[in-house]
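Before any comments, here is the structure.
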Amino acid sequence: MAAPYDLNDDSVVVVIGSGAGGGTLGNELAQKGIDTVILEAGGRHEAEDFINDEWGSFGQLAWLDKRTTSGDWRVAKDFSGLPAWIVKAVGGSTTHWAGASLRFQPHEWKAKTTYGDVEGASLLDWPIDAEEMAPYYSKAEDKMGVTNTHGIPPLPGNNNYKVFEAGAKKLGYKQVHTGNMAINSQDRDGRTYCQQSGFCFQGCKFSAKWSTLYAEIPKGEATGKLEVRANAHVLQIQHGDDGKVTGVLYADADGNQHVQKARVVAVAGNSIESPRLLLNSASSMFSDGLANSSGMVGKNYMRHMTASVYASFDKPVNFYRGTTMAGIIQDESVHDPSRGFVGGYEMETLALGVPFMAAFLNPGAWGRQFAAAMDTYDHMAGMWIVGEDMPQESNAVSLSEEKDQYGLPAPNVHFSDHANDVAMRNHAWKQGMAVYDAVGATQTYPTPPYPSTHNLGTNRMSADAKDGVVNKWGQTHDIANLFVSDGSQFTTGAAENPTLTIVSLAIRQADYIAEQMGQKAI
Amino acid sequence: MMTNDKAGGVNRRDFLATSGKTAIGAAMVVGAGTLLLPTQGWGMELKALKPETMATMIQMARDIYPHDHIGDKFYAKAMRAHDDGAADDAEKLAMLENGIADLDKRAGENGYLGLGWEEDRVAILHDIEDSGFFQAMRGSLVVGLYNQKALWPLFGYEGASAHKGGYIERGFDDIEWV
């Protein structure tokens with residue numbers, strides 16, 4: 001068969017979501033000749049449609065469906081209806097992401113073994129390791145064109161990087177560079193190189209940054225084996241009497257509901273929507289939701305330990321010019337418990353425009369101190385800090401009392417920091433401020449976490465079916481033809497930005513699905 | 001880089017001399033539903049709020065995000081959305097009118113605008129900062145003020161760049177002081 005596929009075609013693999021996990025998996029399966037339908041809840045906006053305007057772009061791309069929050073994280077107070085800053089569009093959050101593409105460090109695959117028992121944390125080792133993942137990381141880096149890998153030159157440092165690098169070196173940090181970025185530093189894969197537009201988060205209008213939207217999906221579509229159905233919001237995964245999934249119910253742009261039959265279903269809706277969909281698919285046979293015999297669907301929600309540091313200087317920086325996140329200090333990413341916490345963190349350059357700086361510098365703050373900081377906007381430098389947070393069973397995506405536009409329970413995102421997260425953040429703020437103080441900052445600003453961009457762990461991978469939702473292939477422990485293909489598989493979060501690992505896992509999972517289909521095991 | 005925006009327009013003193021209208025802070029009420037910002041060359045027709053209420057809201061907005069190099073019209077434009085919203089929402093209209101009346105009451109005899117020092121006005125705002133009224137004002141202002149494109153150059157922000165080819169030839173790495 002060839003795309004487009006009939007609703008009653010039960011030979012297709014249905015992939016729910018078109019981001020880093022789903023978009024990659026869809027293309028990889030199509031390249032193997034497997035009939036694949038990606039159902040994407042959002043619309044299709046091509047690169048030229050992207051908007052160089054923070055709030056305008058947010059309105060175009062962000063996932064703004066009903067969500068609720070709880071827990072003691074500040075996001076629940078400042079952005080109570082917006083726990084996460086992620087995307088509802090073809091390409092998913094790979095339209096919005098910054099491009100940082102780092103491999104896990106070997107010890108991070110074995111967090112429980114490395115860190116030992118941490119009180120209150122539900123740590124677990126991944127059932128896979130660095131050696132097993134190395135070839136898939138290599139394929140992903142090549143596919144995505146990651147700088148400083150495969151002979152791809154680094155990106156040039158922008159003004160924000162110059163300040164960051166100078167401070168880092170004065171402080172004695174050694175591992176400072178413009179990053180491993182999935183942003184072209186030279187023409188590659190039919191896409192141009194970075195034009196330093198400064199709007200990475202708003203979708204790259206030059207397509208220089210890797211996104212499934214233009215780097216994976218069109219290649220899959222060109223095979224005739226991939227259909228991407230936009231504005232197809234999946235409401236429920238259906239199953240037969242044998243407990244195998246049979247298809248999915250979705251709403252189209254007009255709200256009309258359809259059932260797409262399927263041989264295999266892969267869920268890749270991000271760590272909030274994926275567990276919500278499994279929970280909302282509860283049936284008489286699976287009363288706690290699909291693939292939830294462990295009770296772990298939605299549990300162990302992680303969002304990375306994050307924070308930012310901004311600093312003002314007596315001279316201009318114009319940090320909004322150029323690649324948003326092409327700069328990294330990696331010295332603190334090691335596991336060194338003498339700092340007072342387990343795991344580590346990365347420091348990465350970051351800039352916001354005036355509208356988002358006002359919203360995120362210190363949410364809720366007002367008065368002359370806040371205004372004085374804003375007055376120095378063009379004299380500011382900035383960094384984001386991302387580190388490993390502790391999985392906790394009580395941090396969870398669950399079904400809210402409130403309903404979405406389809407009358408289904410909205411997701412509630414509950415999060416409270418672990419003491420280890422707090423200790424790490426305090427250390428990171430101190431070091432980040434020291435970086436800028438070293439080059440003469442007149443003010444520094446320890447900025448709290450934004451709504452989550454890294455949402456992880458809510459369908460976690462485990463060797464033992466009682467500890468998690470999926471096995472080492474992302475296949476659910478309970479249902480052989482149901483897979484999870486996004487960051488919700490993460491057993492632990494590591495210190496690194498997750499996209500490269502999500503893509504690597506998707507490439508690996510495609511091999512497994514093809515093999516299992518070939519053997520008629522699924 | 002930071003330049004004062006002193007747009008031309010009606011000279012305030014002359015206007016006062018000839019019109020005999022009421023000046024409220026930097027603003028001026030002209031007729032039943034019109035507010036002028038004489039030094040800004042800018043005014044607005046109000047749909048629902050009393051002009052005196054809007055004049056106080058503009059001062060309150062400046063006290064929340066006090067940028068001394070930013071003219072009143074930017075604050076006024078941000079506040080205008082409240083008037084639009086109040087035009088068909090009696091509850092919102094009441095919240096705003098009551099909120100400002102409360103500020104005036106707390107300020108004493110000469111009202112909120114009668115307090116000459118920002119410090120004294122801000123002390124009152126701190127007393128009400130957990131109220132729905134204050135949060136509605138601040139929450140809308142953080143977008144309504146800082147998302148005005150005309151204001152971005154006053155902060156040294158250049159906005160959209162793709163149509164100019166990004167910054168690759170326009171100074172993405174031009175600082176020399178580090």
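Scheme for the structure tokens: letters A, B, ... for chains in order shown; per-chain residue numbers from 1; ligand numbers from 1 in order shown.
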- Could you give me, as number ranges by chain, each residue of range 58-134 of chain B that DSSP assigns to helix (DSSP H, G or I) when run on this structure's backbone? B: 58-64, 72-87, 90-107, 112-114, 118-128, 132-134
Could you list, as a PDB file with C-alpha atoms, in the first residue's frame, every residue of chain A that has an atom within 6 Å of an atom of chain B, counting only C-alpha atoms?
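Output (out10.pdb):
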ATOM      1  CA  ASN A  52       9.917  36.297  14.442  1.00  0.00           C
ATOM      2  CA  ASN A 158      27.859  35.263  19.288  1.00  0.00           C
ATOM      3  CA  ASN A 159      28.057  38.211  21.682  1.00  0.00           C
ATOM      4  CA  GLN A 195      22.030  33.010   9.777  1.00  0.00           C
ATOM      5  CA  GLN A 196      22.252  34.077  13.436  1.00  0.00           C
ATOM      6  CA  SER A 197      18.662  35.326  13.439  1.00  0.00           C
ATOM      7  CA  ARG A 321      21.547  38.498  18.265  1.00  0.00           C
ATOM      8  CA  GLY A 322      22.555  35.088  17.002  1.00  0.00           C
ATOM      9  CA  PRO A 355       8.590  40.452  25.760  1.00  0.00           C
ATOM     10  CA  TRP A 366       7.346  44.431  39.818  1.00  0.00           C
ATOM     11  CA  GLY A 367       8.687  47.765  40.959  1.00  0.00           C
ATOM     12  CA  ARG A 368      11.874  49.689  40.447  1.00  0.00           C
ATOM     13  CA  ALA A 371      12.296  47.799  35.894  1.00  0.00           C
ATOM     14  CA  ASP A 378      20.783  45.443  25.726  1.00  0.00           C
TER      15      ASP A 378
END
Contacts of range 279-285 of chain A within 10 Å, only C-alpha atoms, excl. fewer than 5 positions in-chain, as a tab-separated table (two decimals) with all heavy atoms, in the first residue's frame:
chain	number	residue	atom	x	y	z
A	235	LEU	N	-7.77	10.89	20.85
A	235	LEU	CA	-8.53	10.96	22.10
A	235	LEU	C	-8.43	9.66	22.89
A	235	LEU	O	-8.56	9.65	24.11
A	235	LEU	CB	-10.01	11.23	21.79
A	235	LEU	CG	-10.30	12.42	20.86
A	235	LEU	CD1	-11.79	12.47	20.52
A	235	LEU	CD2	-9.86	13.72	21.51
A	236	GLN	N	-8.21	8.55	22.17
A	236	GLN	CA	-8.28	7.25	22.84
A	236	GLN	C	-7.59	6.20	21.97
A	236	GLN	O	-7.68	6.22	20.75
A	236	GLN	CB	-9.77	6.86	22.99
A	236	GLN	CG	-10.00	5.55	23.71
A	236	GLN	CD	-11.47	5.11	23.59
A	236	GLN	OE1	-12.06	5.12	22.51
A	236	GLN	NE2	-12.05	4.75	24.72
A	237	ILE	N	-6.90	5.30	22.65
A	237	ILE	CA	-6.34	4.13	21.97
A	237	ILE	C	-7.28	2.96	22.26
A	237	ILE	O	-7.66	2.73	23.41
A	237	ILE	CB	-4.92	3.82	22.48
A	237	ILE	CG1	-3.99	5.02	22.23
A	237	ILE	CG2	-4.36	2.57	21.80
A	237	ILE	CD1	-2.66	4.93	22.93
A	238	GLN	N	-7.66	2.25	21.19
A	238	GLN	CA	-8.65	1.18	21.36
A	238	GLN	C	-7.96	-0.19	21.30
A	238	GLN	O	-6.89	-0.33	20.71
A	238	GLN	CB	-9.71	1.29	20.27
A	238	GLN	CG	-10.41	2.65	20.31
A	238	GLN	CD	-11.52	2.79	19.28
A	238	GLN	OE1	-11.49	2.13	18.24
A	238	GLN	NE2	-12.48	3.64	19.57
A	239	HIS	N	-8.60	-1.18	21.93
A	239	HIS	CA	-8.03	-2.52	21.92
A	239	HIS	C	-9.11	-3.58	21.71
A	239	HIS	O	-10.31	-3.28	21.85
A	239	HIS	CB	-7.27	-2.80	23.23
A	239	HIS	CG	-8.16	-2.81	24.43
A	239	HIS	ND1	-8.88	-3.92	24.81
A	239	HIS	CD2	-8.46	-1.85	25.34
A	239	HIS	CE1	-9.58	-3.64	25.91
A	239	HIS	NE2	-9.34	-2.40	26.24
A	240	GLY	N	-8.68	-4.77	21.37
A	240	GLY	CA	-9.61	-5.86	21.15
A	240	GLY	C	-9.71	-6.77	22.38
A	240	GLY	O	-9.08	-6.52	23.41
A	241	ASP	N	-10.48	-7.83	22.22
A	241	ASP	CA	-10.69	-8.76	23.34
A	241	ASP	C	-9.40	-9.47	23.75
A	241	ASP	O	-9.28	-9.95	24.87
A	241	ASP	CB	-11.73	-9.82	22.95
A	241	ASP	CG	-13.11	-9.20	22.75
A	241	ASP	OD1	-13.33	-8.09	23.29
A	241	ASP	OD2	-13.94	-9.81	22.05
A	242	ASP	N	-8.45	-9.52	22.80
A	242	ASP	CA	-7.18	-10.19	23.12
A	242	ASP	C	-6.20	-9.25	23.85
A	242	ASP	O	-5.07	-9.64	24.15
A	242	ASP	CB	-6.52	-10.72	21.84
A	242	ASP	CG	-6.21	-9.62	20.83
A	242	ASP	OD1	-6.59	-8.44	21.09
A	242	ASP	OD2	-5.60	-9.94	19.79
A	243	GLY	N	-6.66	-8.01	24.08
A	243	GLY	CA	-5.80	-7.07	24.80
A	243	GLY	C	-4.79	-6.36	23.93
A	243	GLY	O	-4.04	-5.52	24.41
A	248	VAL	N	-6.93	3.84	16.84
A	248	VAL	CA	-7.08	5.01	17.71
A	248	VAL	C	-8.27	5.86	17.26
A	248	VAL	O	-8.58	5.94	16.06
A	248	VAL	CB	-5.80	5.89	17.72
A	248	VAL	CG1	-4.59	5.07	18.13
A	248	VAL	CG2	-5.56	6.57	16.38
A	249	LEU	N	-8.91	6.48	18.22
A	249	LEU	CA	-10.01	7.42	17.96
A	249	LEU	C	-9.42	8.82	17.97
A	249	LEU	O	-8.71	9.18	18.91
A	249	LEU	CB	-11.06	7.29	19.07
A	249	LEU	CG	-12.21	8.30	19.05
A	249	LEU	CD1	-13.17	8.02	17.90
A	249	LEU	CD2	-12.95	8.28	20.40
A	273	GLU	N	1.10	14.58	27.48
A	273	GLU	CA	-0.02	14.00	26.72
A	273	GLU	C	0.06	12.48	26.60
A	273	GLU	O	-0.98	11.81	26.56
A	273	GLU	CB	-0.09	14.63	25.33
A	273	GLU	CG	-0.48	16.09	25.35
A	273	GLU	CD	-1.77	16.37	26.11
A	273	GLU	OE1	-2.77	15.63	25.92
A	273	GLU	OE2	-1.78	17.32	26.92
A	274	SER	N	1.25	11.91	26.54
A	274	SER	CA	1.34	10.45	26.35
A	274	SER	C	0.73	9.68	27.52
A	274	SER	O	-0.12	8.81	27.31
A	274	SER	CB	2.78	10.03	26.10
A	274	SER	OG	3.20	10.47	24.81
A	290	LEU	N	-4.36	2.08	29.85
A	290	LEU	CA	-3.58	1.11	29.09
A	290	LEU	C	-2.14	1.03	29.61
A	290	LEU	O	-1.55	2.05	29.98
A	290	LEU	CB	-3.53	1.51	27.61
A	290	LEU	CG	-4.84	1.45	26.81
A	290	LEU	CD1	-4.55	1.64	25.32
A	290	LEU	CD2	-5.58	0.14	27.05
A	291	ALA	N	-1.60	-0.16	29.59
A	291	ALA	CA	-0.18	-0.40	29.90
A	291	ALA	C	0.19	0.03	31.31
A	291	ALA	O	1.33	0.39	31.58
A	291	ALA	CB	0.72	0.30	28.87
A	292	ASN	N	-0.82	-0.03	32.19
A	292	ASN	CA	-0.60	0.53	33.53
A	292	ASN	C	-0.69	-0.51	34.63
A	292	ASN	O	-1.07	-0.21	35.76
A	292	ASN	CB	-1.61	1.67	33.77
A	292	ASN	CG	-1.20	2.57	34.93
A	292	ASN	OD1	-0.02	2.61	35.29
A	292	ASN	ND2	-2.15	3.27	35.50
A	297	VAL	N	2.13	4.59	35.01
A	297	VAL	CA	1.79	5.56	33.96
A	297	VAL	C	1.52	6.92	34.59
A	297	VAL	O	0.66	7.05	35.47
A	297	VAL	CB	0.57	5.09	33.14
A	297	VAL	CG1	0.08	6.20	32.20
A	297	VAL	CG2	0.92	3.86	32.32
A	298	GLY	N	2.26	7.90	34.16
A	298	GLY	CA	2.10	9.27	34.67
A	298	GLY	C	3.00	9.59	35.86
A	298	GLY	O	3.22	10.76	36.17
A	397	VAL	N	1.88	13.18	36.28
A	397	VAL	CA	0.80	13.64	35.40
A	397	VAL	C	-0.39	12.74	35.68
A	397	VAL	O	-0.29	11.52	35.59
A	397	VAL	CB	1.22	13.53	33.92
A	397	VAL	CG1	0.03	13.83	33.00
A	397	VAL	CG2	2.39	14.47	33.62
A	398	SER	N	-1.50	13.34	36.07
A	398	SER	CA	-2.70	12.56	36.35
A	398	SER	C	-3.89	13.24	35.68
A	398	SER	O	-3.74	14.30	35.06
A	398	SER	CB	-2.92	12.46	37.87
A	398	SER	OG	-3.09	13.76	38.40
A	399	LEU	N	-5.05	12.62	35.80
A	399	LEU	CA	-6.23	13.20	35.16
A	399	LEU	C	-6.85	14.24	36.09
A	399	LEU	O	-7.15	13.96	37.25
A	399	LEU	CB	-7.25	12.11	34.82
A	399	LEU	CG	-6.74	11.05	33.83
A	399	LEU	CD1	-7.83	10.02	33.54
A	399	LEU	CD2	-6.26	11.69	32.52
A	408	LEU	N	-12.79	15.55	27.62
A	408	LEU	CA	-11.96	14.53	28.30
A	408	LEU	C	-11.20	15.18	29.45
A	408	LEU	O	-10.86	16.37	29.40
A	408	LEU	CB	-10.96	13.94	27.31
A	408	LEU	CG	-11.55	13.11	26.18
A	408	LEU	CD1	-10.47	12.75	25.17
A	408	LEU	CD2	-12.22	11.85	26.74
A	409	PRO	N	-10.90	14.39	30.49
A	409	PRO	CA	-10.13	14.96	31.59
A	409	PRO	C	-8.80	15.56	31.10
A	409	PRO	O	-8.06	14.91	30.36
A	409	PRO	CB	-9.87	13.76	32.50
A	409	PRO	CG	-11.00	12.83	32.21
A	409	PRO	CD	-11.29	13.00	30.74
A	410	ALA	N	-8.57	16.80	31.49
A	410	ALA	CA	-7.30	17.46	31.16
A	410	ALA	C	-6.20	16.86	32.04
A	410	ALA	O	-6.49	16.22	33.05
A	410	ALA	CB	-7.42	18.96	31.42
A	411	PRO	N	-4.95	17.06	31.65
A	411	PRO	CA	-3.87	16.57	32.51
A	411	PRO	C	-3.58	17.55	33.65
A	411	PRO	O	-3.60	18.77	33.45
A	411	PRO	CB	-2.67	16.51	31.55
A	411	PRO	CG	-2.95	17.54	30.51
A	411	PRO	CD	-4.45	17.64	30.39
* d(CA of Gly353 in chain A, CA of Leu61 in chain A) in Å ->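 So the answer is 17.0 Å.
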Among range 13-168 of chain B, which ones does DSSP assign to strand (DSSP E) (computed from the backbone)? Answer as a list in words. Thr22, Ala23, Ile24, Ala27, Met28, Val29, Val30, Thr34, Leu35, Leu36, Leu37, Trp42, Gly43, Met44 and Glu45 of chain B
N, CA, C and O atoms of the current selection, written as a tab-separated table (two decimals), in the first residue's frame:
chain	number	residue	atom	x	y	z
B	22	THR	N	-9.82	69.67	33.60
B	22	THR	CA	-9.16	69.18	34.80
B	22	THR	C	-7.91	68.39	34.46
B	22	THR	O	-7.97	67.47	33.65
B	23	ALA	N	-6.81	68.75	35.06
B	23	ALA	CA	-5.59	67.95	34.88
B	23	ALA	C	-5.50	66.92	36.01
B	23	ALA	O	-5.76	67.23	37.17
B	24	ILE	N	-5.17	65.71	35.65
B	24	ILE	CA	-5.00	64.66	36.65
B	24	ILE	C	-3.64	64.04	36.41
B	24	ILE	O	-3.44	63.31	35.45
B	27	ALA	N	-2.15	63.36	32.95
B	27	ALA	CA	-3.25	63.23	32.01
B	27	ALA	C	-4.28	64.33	32.22
B	27	ALA	O	-4.22	65.09	33.18
B	28	MET	N	-5.21	64.40	31.34
B	28	MET	CA	-6.19	65.45	31.39
B	28	MET	C	-7.53	64.93	30.90
B	28	MET	O	-7.60	64.23	29.90
B	29	VAL	N	-8.56	65.26	31.63
B	29	VAL	CA	-9.90	64.82	31.23
B	29	VAL	C	-10.52	65.89	30.35
B	29	VAL	O	-10.57	67.06	30.71
B	30	VAL	N	-10.97	65.47	29.21
B	30	VAL	CA	-11.66	66.38	28.31
B	30	VAL	C	-13.03	65.80	28.04
B	30	VAL	O	-13.14	64.77	27.40
B	34	THR	N	-13.19	61.29	27.53
B	34	THR	CA	-11.94	61.45	26.78
B	34	THR	C	-10.80	61.79	27.72
B	34	THR	O	-10.93	62.61	28.62
B	35	LEU	N	-9.69	61.12	27.48
B	35	LEU	CA	-8.49	61.38	28.28
B	35	LEU	C	-7.38	61.77	27.33
B	35	LEU	O	-7.14	61.10	26.34
B	36	LEU	N	-6.71	62.87	27.63
B	36	LEU	CA	-5.59	63.32	26.80
B	36	LEU	C	-4.29	63.21	27.58
B	36	LEU	O	-4.26	63.42	28.78
B	37	LEU	N	-3.23	62.86	26.85
B	37	LEU	CA	-1.89	62.94	27.41
B	37	LEU	C	-1.18	64.04	26.64
B	37	LEU	O	-0.56	63.79	25.60
B	42	TRP	N	-1.22	62.36	22.58
B	42	TRP	CA	-1.96	61.11	22.49
B	42	TRP	C	-3.16	61.18	23.42
B	42	TRP	O	-3.08	61.74	24.51
B	43	GLY	N	-4.25	60.62	22.97
B	43	GLY	CA	-5.43	60.59	23.83
B	43	GLY	C	-6.28	59.39	23.53
B	43	GLY	O	-5.97	58.64	22.60
B	44	MET	N	-7.27	59.15	24.36
B	44	MET	CA	-8.15	58.02	24.07
B	44	MET	C	-9.58	58.34	24.45
B	44	MET	O	-9.85	59.02	25.44
B	45	GLU	N	-10.47	57.80	23.64
B	45	GLU	CA	-11.89	57.82	23.96
B	45	GLU	C	-12.16	56.60	24.82
B	45	GLU	O	-11.81	55.49	24.45
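With distances restricted to only C-alpha atoms, A:Lys169 is the closest residue to Ala434 in chain A from A:Leu124, A:Lys219, A:Gln260, A:Lys169.
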